[in-house]
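K.L.:
One structure, pasted below without further comment.
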Number of protein chains: 4
Amino acid sequence: MTTIRAAAAVPTANHLLAEFRRVRAATEMLCVGLEPEDLTIQPMDAASPLKWHLAHTTWFFETFLLLPRSAGYQPFDPVYAFLFNSYYHTVGPQHPRARRGALSRPTVREILAYRQCVDEAVVALFLAQGDAATGDLAHILTVGLNHEQQHQELMLTDLKHLFALNPLQPAYRSEPTTAATTGPPPSGWHDHPGGLVAIGHAGEDFAWDNEGPRHRVYLEPFALARKPVTCGEYLEFMADGGYEQPLLWFSDGWDTARAGGWSSPLYWQRVDGVWHQYTLAGPRAVVPDEPICHVSFYEAHAYARWRGARLASEAEWETIAAGRPVTGNFVESGRFQPAPAGSEDVAQMFGDTWEWTASPYIAYPGYAPPVGALGEYNAKFMCNQMVLRGGSCATPAGHVRATYRNFFGPATRWQFSGIRLARGGAAA
Amino acid sequence: MTTIRAAAAVPTANHLLAEFRRVRAATEMLCVGLEPEDLTIQPMDAASPLKWHLAHTTWFFETFLLLPRSAGYQPFDPVYAFLFNSYYHTVGPQHPRARRGALSRPTVREILAYRQCVDEAVVALFLAQGDAATGDLAHILTVGLNHEQQHQELMLTDLKHLFALNPLQPAYRSEPTTAATTGPPPSGWHDHPGGLVAIGHAGEDFAWDNEGPRHRVYLEPFALARKPVTCGEYLEFMADGGYEQPLLWFSDGWDTARAGGWSSPLYWQRVDGVWHQYTLAGPRAVVPDEPICHVSFYEAHAYARWRGARLASEAEWETIAAGRPVTGNFVESGRFQPAPAGSEDVAQMFGDTWEWTASPYIAYPGYAPPVGALGEYNAKFMCNQMVLRGGSCATPAGHVRATYRNFFGPATRWQFSGIRLARGGAAA
Amino acid sequence: MTTIRAAAAVPTANHLLAEFRRVRAATEMLCVGLEPEDLTIQPMDAASPLKWHLAHTTWFFETFLLLPRSAGYQPFDPVYAFLFNSYYHTVGPQHPRARRGALSRPTVREILAYRQCVDEAVVALFLAQGDAATGDLAHILTVGLNHEQQHQELMLTDLKHLFALNPLQPAYRSEPTTAATTGPPPSGWHDHPGGLVAIGHAGEDFAWDNEGPRHRVYLEPFALARKPVTCGEYLEFMADGGYEQPLLWFSDGWDTARAGGWSSPLYWQRVDGVWHQYTLAGPRAVVPDEPICHVSFYEAHAYARWRGARLASEAEWETIAAGRPVTGNFVESGRFQPAPAGSEDVAQMFGDTWEWTASPYIAYPGYAPPVGALGEYNAKFMCNQMVLRGGSCATPAGHVRATYRNFFGPATRWQFSGIRLARGGAAA
Amino acid sequence: MTTIRAAAAVPTANHLLAEFRRVRAATEMLCVGLEPEDLTIQPMDAASPLKWHLAHTTWFFETFLLLPRSAGYQPFDPVYAFLFNSYYHTVGPQHPRARRGALSRPTVREILAYRQCVDEAVVALFLAQGDAATGDLAHILTVGLNHEQQHQELMLTDLKHLFALNPLQPAYRSEPTTAATTGPPPSGWHDHPGGLVAIGHAGEDFAWDNEGPRHRVYLEPFALARKPVTCGEYLEFMADGGYEQPLLWFSDGWDTARAGGWSSPLYWQRVDGVWHQYTLAGPRAVVPDEPICHVSFYEAHAYARWRGARLASEAEWETIAAGRPVTGNFVESGRFQPAPAGSEDVAQMFGDTWEWTASPYIAYPGYAPPVGALGEYNAKFMCNQMVLRGGSCATPAGHVRATYRNFFGPATRWQFSGIRLARGGAAA
């Protein structure tokens with residue numbers, strides 16, 4: 001992760017603490033209306049109990065900020081270092097991921113006490129240091145807050161998985177009324193002439209280490225779809241037997257879809273001949289104008305091939321996204337569901353759904369993992385995953401940017417992951 | 001299950017309701033001091049969340065008593081019929097057993113409301129019928145209460161599994177002081193001359209269908225140990241390499257022990273050279289005089305063979321147990337752990353630990369499963385399981401008797417299952 | 001295993017060697033017409049390649065007879081002690097069972113050379129000892145020959161599994177014409193008054209250790225079917241939805257049948273609306289009068305329950321079988337398939353198909369495993385298996401008797417295992 | 001796959017047939033000295049029996065050349081279309097890959113007859129058409145021959161796996177004496193200034209579809225090691241605990257290595273303190289100067305990171321390889337094992353071992369899968385695999401070239417896969 005150097009807009013300690021309080025509170029706000037039972041269960045190996053997220057994000061500040069930097073700080077409970085370490089071998093052994101849901105203790109109440117204790121110690125540390133805290137300490141704090149925002153999104157996707165699999169199909173929050181769109185959504189393609197472009201993060205704002213270094217990439221001429229694929233369009237693929245045609249699919253994708261019995265996106269089911277989907281507001285009919293989500297990379301690829309198109313490379317995606325305002329349907333909308341596109345020239349690059357790209361998640365040229373325990377964050381996953389871009393309706397506003405690289409395995413479906421087509425240039 | 005016929009000691013409706021209230025309350029009392037989180041998690045496929053036990057025992061009364069017999073009764077929630085049916089194909093489809101822990105809803109609070117609603121309807125039904133309720137209705141109620149007592153025991157063994165696997169090793173209840181024993185425990189063998197004996201239930205008191213019919217069995221002369229195997233004796237087996245000698249084990253047992261990495265009973269671990277065990281009062285050192293428990297049938301057999309003895313057949317066990325008072329260390333002691341033997345002639349036949357027998361669980365001669373949904377209870381498990389006898393420290397007093405047949409697969413270890421040796425007569 | 005004591009009919013060394021040559025040759029005769037490829041493949045974990053059987057039966061004589069008793073005998077290849085040890089921990093470590101099919105070497109030719117070398121050494125040993133060889137040596141030889149006969153049967157069942165799963169459905173041997181039956185087959189039941197009976201082997205003829213000691217068993221009055229269940233009768237069970245009614249099945253059986261997609265006996269498939277079965281003469285239509293085979297214990301139990309009957313206990317079966325001539329359709333008929341019943345009073349007790357009993361395979365009262373490596377043969381499997389009686393069309397004539405106990409797990413279907421009903425007395 | 005257009009060097013029908021006979025004979029020559037048993041077994045799911053390779057390569061010509069193009073050709077056996085179709089959904093259903101080793105029939109002899117029959121029909125087809133056969137027919141033939149050469153390499157790697165896992169450790173062929181090297185091997189790095197380069201196949205010679213289109217890539221300055229990593233160098237990594245340091249590994253690689261118990265390359269074992277490896281000439285001590293092989297991508301990456309270097313991207317590799325003579329230690333050397341490097345400037349780019357690159361196997365810009373069944377060959381695997389370059393000691397000479405892209409999953413170890421380091425430029 002790039003070091004934040006001195007610059008005109010140095011954040012003051014007060015500013016940092018305000019951000020700290022804001023992000024930490026936002027995490028807890030996600031739990032309003034949930035019961036302890038809802039926070040306790042691990043719905044599948046790849047997901048975590050919500051109370052684990054509450055504790056792990058706290059462990060992060062305790063481990064990387066308080067223990068090394070706050071003289072005299074004593075761990076809240078020494079066993080937590082084992083229970084809430086996700087996968088940092090540098091820091092020590094870990095409770096097995098698939099057993100995160102086997103822990104009834106600590107309870108939610110105890111974990112909230114843990115949060116409060118760590119919060120107070122962090123605030124005390126920064127108040128004690130004053131603006132001296134704005135160098136390296138500030139960097140660790142900022143990393144911790146961005147890390148916590150990632151877990152905020154996971155809390156929603158993990159909760160959605162838990163609720164969707166429950167035959168009672170409970171609702172999390174009611175869905176707000178969607179504002180009327182201002183005009184017809186865009187259609188067709190946005191062209192780019194190709195050539196030598198630069199992608200990746202540079203500069204002094206925060207970015208993850210995996211977003212840099214900025215480097216040159218040669219692109220053939222290409223075009224990017226002006227809006228993501230909608231549910232209505234995806235239903236055409238389904239109706240045309242898209243899930244039954246092996247030649248549309250990658251070999252691994254076909255096997256995965258067969259083994260899993262896939263015949264629609266995750267959380268969809270047909271009720272009396274009408275396709276419904278579970279949303280965080282409960283189950284309801286599929287809305288054709290909404291962007292498709294909860295599809296895997298395999299489905300995204302098969303859909304694209306069926307349309308005679310392809311997915312964009314991450315360089316293509318970033319080239320079109322760069323310079324556009326990072327606005328859209330983020331978690332703050334309270335919708336927790338993608339919304340129909342507005343009338344922008346190129347719609348919904350940010351928010352609504354993460355967009356699968358055709359790019360495997362690997363290191364950029366010149367990349368080296370940061371030194372130290374925090375360096376164990378992104379680099380070791382640079383294998384067997386695909387890049388997604390743009391954030392979703394579960395992402396906190398301000399968390400993503402044009403250079404942001406999310407990554408998941410190609411079979412992943414429980415994230416708010418969708419599709420945007422490309423054509424020309426890169427491989428179809 | 002045998003039909004309760006009219007007899008001298010007909011229970012009155014009032015008596016039945018008192019028993020109903022007592023058993024139902026006892027179930028809920030087990031939850032005192034536990035958190036919603038503790039009641040929600042399924043620690044392994046073979047166990048269930050405690051809140052599932054709370055709901056399933058209630059579903060039993062709703063399904064077999066209220067819905068068919070209480071005119072106008074409406075199900076509390078129609079989905080519960082699916083969620084809380086354990087395995088009654090007669091009644092309908094079931095939520096998969098291994099997914100019982102994937103349900104955060106209904107919450108504990110909602111399930112307690114379900115209990116209260118069903119309890120009130122049962123009471124109203126019996127009050128309305130008065131002593132007319134003492135025939136068939138009384139039988140169903142009695143079955144339901146015995147069924148609920150079985151789940152009371154499972155609640156404790158499932159909770160123990162949950163807590164024991166948690167690195168925090170939380171305690172459930174503190175251990176009461178053990179009363180001083182009145183004399184040295186018995187040792188050696190209790191002889192029996194063999195011959196044609198009768199075993200199995202007969203008469204009008206409640207018993208499970210699988211306890212009958214009473215029938216004759218021919219026994220060779222044999223002897224039964226006067227007390228169960230203790231932890232101290234079992235430590236000798238361990239010290240002699242009992243877990244490393246394949247010839248002591250059944251072939252399946254050896255493979256199971258190897259695959260599971262077994263080198264001691266479940267819940268044991270060595271700390272600084274001293275064997276400790278997790279108890280419901282928390283972890284503590286193994287006490288040599290306590291009966292061994294949390295061993296599988298495989299371990300019980302290997303231990304017996306190592307001692308040059310064998311396990312008793314269930315007919316042998318019952319022949320010795322018949323006529324003795326059904327007293328001992330049951331759940332009401334609040335100890336939740338086997339206690340050292342007293343000075344009886346033949347000690348601890350009832351309570352403390354279930355005793356593995358050498359008998360596979362099969363039907364008695366002349367047995368036929370009861371007709372109707374309640375008949376789906378015991379008969380379909382008469383394959384691949386071994387009989388255990390006598391009840392344990394987690395069994396409610398009054399629930400067991402000399403003819404009572406418990407059964408589990410031979411690899412089972414999370415029950416309070418122990419060992420009593422036999423010799424002579426049946427196979428060594 | 002019982003020791004053969006001196007008696008009137010002491011076998012001479014010459015007689016023993018004649019029997020040795022006869023049995024060893026019979027094993028190799030089974031391979032006539034097969035290709036090296038047929039002898040090499042392991043069709044499933046529970047089966048073995050035929051060449052493994054050829055070698056393992058030879059290893060048995062080398063290990064238990066030649067190495068301890070023949071001065072100066074050198075192992076044919078020291079690695080064979082590892083490769084061809086089935087499961088004798090006493091003797092040493094073993095090549096994993098599931099990897100028996102991963103060995104292209106030794107080749108069939110090399111294994112036949114191994115057989116010849118061991119055969120010659122055995123003959124030389126006996127010729128050198130003369131009639132001095134008729135004591136303990138004779139016992140080991142006899143055990144080895146009975147062991148080899150068991151593997152002869154397995155060679156046929158394993159080969160059948162291999163060929164049946166091959167889409168080419170190759171035939172092993174053509175089916176001989178069945179002799180016309182002499183009259184209508186028996187029907188109905190053979191009654192027995194019950195009472196105290198004795199079962200198990202006694203005397204000086206060879207029998208396996210698990211057949212003794214002879215002991216008393218009390219039987220209620222019962223009746224045994226005069227002939228095994230036929231394919232035609234089983235088709236009625238299938239037509240009535242027997243595979244779709246959970247209440248007919250043991251719980252484990254139902255789960256096994258669901259998981260395996262069972263809707264008919266093994267090796268059956270419907271072709272143009274007609275049920276066909278693969279036989280060792282190739283696929284052909286099911287013949288209604290033939291006894292059903294290739295059913296599991298689970299299916300046998302479900303069928304019996306559907307008929308309102310039950311399976312016999314092994315004591316009941318043996319009581320009826322005792323004293324009847326041990327004749328029938330054995331392997332020497334060259335049919336390799338059960339044949340329609342003749343007109344005996346009680347038909348087909350021996351040969352045709354092994355008959356599942358309701359008895360779990362456990363030790364008889366007073367049984368103790370023989371001392372020494374040969375004692376590791378039967379005792380360690382006395383758990384999780386069911387007893388089958390009577391031999392099959394793949395059993396060598398002379399190998400079985402009324403006291404003979406075969407055993408397999410309840411899900412086993414690749415043996416020639418069938419059904420005979422009982423009623424009254426023991427559990428329905 | 002690119003269409004071969006008319007050009008100066010049009011191959012004549014005679015030339016094609018000579019090549020056909022040469023390649024087909026080379027396949028069969030690989031079987032000299034092997035027994036039918038060796039050709040029958042499937043040592044693991046990812047590998048195939050050698051006789052399957054013999055048949056599948058023949059099925060390829062039958063399916064894609066004879067059936068559509070040779071009037072009146074009748075399939076040798078209609079079931080073979082099912083048995084020997086690898087994964088062409090376009091052509092029809094397939095015998096499951098993991099069951100290829102469950103087929104004793106057709107025998108080796110029958111498959112050789114199949115080969116002869118198809119060979120004769122192909123020759124007849126080409127002779128009948130004369131030079132008219134040099135267009136599209138020639139293209140299919142050429143694809144089939146290149147396909148067969150790929151299977152020749154797999155036959156050796158699959159056989160090596162079979163023999164290496166056999167405790168008898170049989171040898172395939174004795175190892176020829178290695179010619180003395182002409183001078184010290186190169187050391188250090190070969191620098192490249194980076195910039196815009198072109199990679200991928202163009203032109204009229206045969207190449208696989210996945211090698212094109214030729215396209216531009218921007219490279220940062222980088223350096224490539226002048227020779228592959230040797231066993232001696234890899235032993236340093238092992239001695240330094242490379243297999244015990246999680247931070248060197250990708251997360252998936254670490255988990256895979258732990259689960260598989262990896263502590264050395266495949267086929268290595270320590271005997272009396274000395275590392276040995278199984279080679280196709282039998283087991284022998286590891287030779288420090290030989291290139292390391294039988295390592296996975298995960299190990300290659302961990303090794304590179306331990307050295308402070310990285311793997312090359314495929315564009316970097318190809319840029320250095322382009323224009324160099326495609327000579328080296330190929331299968332024709334009869335060595336079947338990598339040899340110590342000679343004294344070239346950049347040694348062993350071709351032959352000896354495939355070299356793992358850092359590049360996931362994805363489509364090149366502008367790539368579209370060929371139309372028709374043959375188009376199902378490469379494109380559907382463009383997910384979850386890594387690119388390897390350069391060929392190995394098991395690759396036929398003339399089969400590879402600078403643009404050739406091989407691909408396997410990152411955990412693959414049974415191919416002759418090795419490591420060449422890079423530094424600078426692309427990600428470390």
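Naming scheme: A, B, ... for chains in displayed order of the structure tokens; residues 1 onward per chain; ligands 1 onward as shown.
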Using only C-alpha atoms, select each residue of chain B with any atom at most 12 Å away from an atom of chain A, and give the selection as a ChimeraX atom specification.
P.N.:
/B:34-45,49-51,77-84,94-96,98-110,159-172
K.L.:
Extract the full set of strand (DSSP E) residues from stretch 368-417 of chain B according to DSSP on the backbone, and format it as a PyMOL selection string.
P.N.:
chain B and resi 386-389+406-408+417
K.L.:
From stretch 16-153 of chain B, collect each residue whose DSSP state is alpha helix (DSSP H) and return the set as a count of residues only.
P.N.:
73
K.L.:
Given only C-alpha atoms as the basis, pick out the residue of D:Leu374, D:Ile199, D:Ala46, D:Leu137 nearest to D:Leu219.
P.N.:
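Checking each candidate against D:Leu219, we get D:Ile199 as the closest.
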K.L.:
Counting only C-alpha atoms, figure out which residue out of C:Arg335, C:Arg24, C:Arg310, C:Arg216 gets nearest to C:Gly351.
P.N.:
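Using only C-alpha atoms, C:Gly351 sits closest to C:Arg335.
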K.L.:
Near D:Thr90, within 12 Å and counting only C-alpha atoms, which residues show up once chain neighbours fewer than 5 positions away are dropped, as a list in words?
P.N.:
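Close residues of D:Thr90: Gln245, Pro246, Leu247 and Leu248 of chain A; Thr63, Phe64, Asn85, Val371, Gly372, Ala373, Leu374, Gly375, Glu376 and Tyr377 of chain D.
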K.L.:
Set the distance at 9 Å and use only C-alpha atoms: which residues neighbour D:Pro396 once local chain neighbours fewer than 3 positions away are removed? I'd like the list as a list of chain:residue names.
P.N.:
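Listing them by chain and then by number gives D:Gln149, D:Gln150, D:Gln152, D:Glu153, D:Phe330, D:Val331, D:Glu332, D:Gly391, D:Ser392, D:Cys393, D:His399, D:Val400.
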K.L.:
Can you tell me how far atom CA of C:Glu120 sits from atom CA of C:Gly72, in Å to one decimal?
P.N.:
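Those two atoms sit 14.0 Å apart.
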K.L.:
Excluding C:Gly253 and residues on its chain fewer than 4 positions from it, collect all residues at most 8 Å away from it, counting only C-alpha atoms, and give them as a list of chain:residue names.
P.N.:
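These residues fall inside the cut-off: C:Trp249, C:Ala257, C:Tyr298, C:Glu299, C:Ala411.
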K.L.:
Mind checking which residues fall within 9 Å of D:Pro186, counting only C-alpha atoms, ignoring those fewer than 4 positions away in the same chain, and posting them as a list of chain:residue names?
P.N.:
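With the cut-off at 9 Å, the set is D:Arg226, D:Lys227, D:Ala341, D:Gly342, D:Ser343, D:Glu344, D:Asp345, D:Val346, D:Ala347.
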K.L.:
Can you write out the residues you just picked, keeping N, CA, C and O atoms, as a compact mmCIF listing (two decimals), in the first residue's frame?
P.N.:
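Now in out24.txt:
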# COMPACT_ATOMS: atom_id res chain seq x y z
N ARG D 226 19.23 -16.57 -17.54
CA ARG D 226 19.86 -17.21 -18.70
C ARG D 226 19.70 -18.73 -18.69
O ARG D 226 19.98 -19.39 -19.69
N LYS D 227 19.29 -19.28 -17.58
CA LYS D 227 19.00 -20.72 -17.56
C LYS D 227 17.92 -21.01 -16.51
O LYS D 227 17.67 -20.19 -15.61
N ALA D 341 22.30 -27.72 -18.25
CA ALA D 341 22.33 -26.73 -19.32
C ALA D 341 23.66 -26.75 -20.04
O ALA D 341 24.70 -27.07 -19.45
N GLY D 342 23.63 -26.44 -21.32
CA GLY D 342 24.85 -26.24 -22.08
C GLY D 342 25.35 -24.80 -21.91
O GLY D 342 24.96 -24.11 -20.97
N SER D 343 26.18 -24.37 -22.83
CA SER D 343 26.84 -23.07 -22.63
C SER D 343 26.26 -21.97 -23.50
O SER D 343 26.94 -21.00 -23.81
N GLU D 344 25.05 -22.11 -23.98
CA GLU D 344 24.47 -21.05 -24.79
C GLU D 344 24.33 -19.76 -23.97
O GLU D 344 24.32 -19.80 -22.74
N ASP D 345 24.12 -18.70 -24.68
CA ASP D 345 23.90 -17.39 -24.07
C ASP D 345 22.65 -17.43 -23.17
O ASP D 345 22.69 -17.04 -22.00
N VAL D 346 21.54 -17.89 -23.73
CA VAL D 346 20.32 -18.11 -22.95
C VAL D 346 19.96 -19.58 -23.18
O VAL D 346 19.60 -19.96 -24.30
N ALA D 347 20.05 -20.38 -22.14
CA ALA D 347 20.01 -21.83 -22.32
C ALA D 347 18.62 -22.40 -22.09
O ALA D 347 17.85 -21.89 -21.27
K.L.:
Interatomic distance between atom CA of D:Glu236 and atom CA of A:Asn384?
P.N.:
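Spanning atom CA of D:Glu236 to atom CA of A:Asn384 is a straight-line distance of 28.0 Å.
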K.L.:
Find the residue from C:Gln277, C:Ser333, C:Gln348, C:Ser359 that sits nearest to C:Pro185; use only C-alpha atoms when measuring.
P.N.:
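Looking only at the distances to C:Pro185, the closest residue turns out to be C:Gln348.
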K.L.:
When you draw a straight line from atom CA of C:Trp254 to atom CA of B:Cys383, how long is it in Å?
P.N.:
11.6 Å
K.L.:
I need the residue nearest A:Gly418 from this list: A:Ala300, A:Ala113, A:Ala13, A:Val23. Use only C-alpha atoms for the distance.
P.N.:
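Selected residue with least distance to A:Gly418: A:Ala300.
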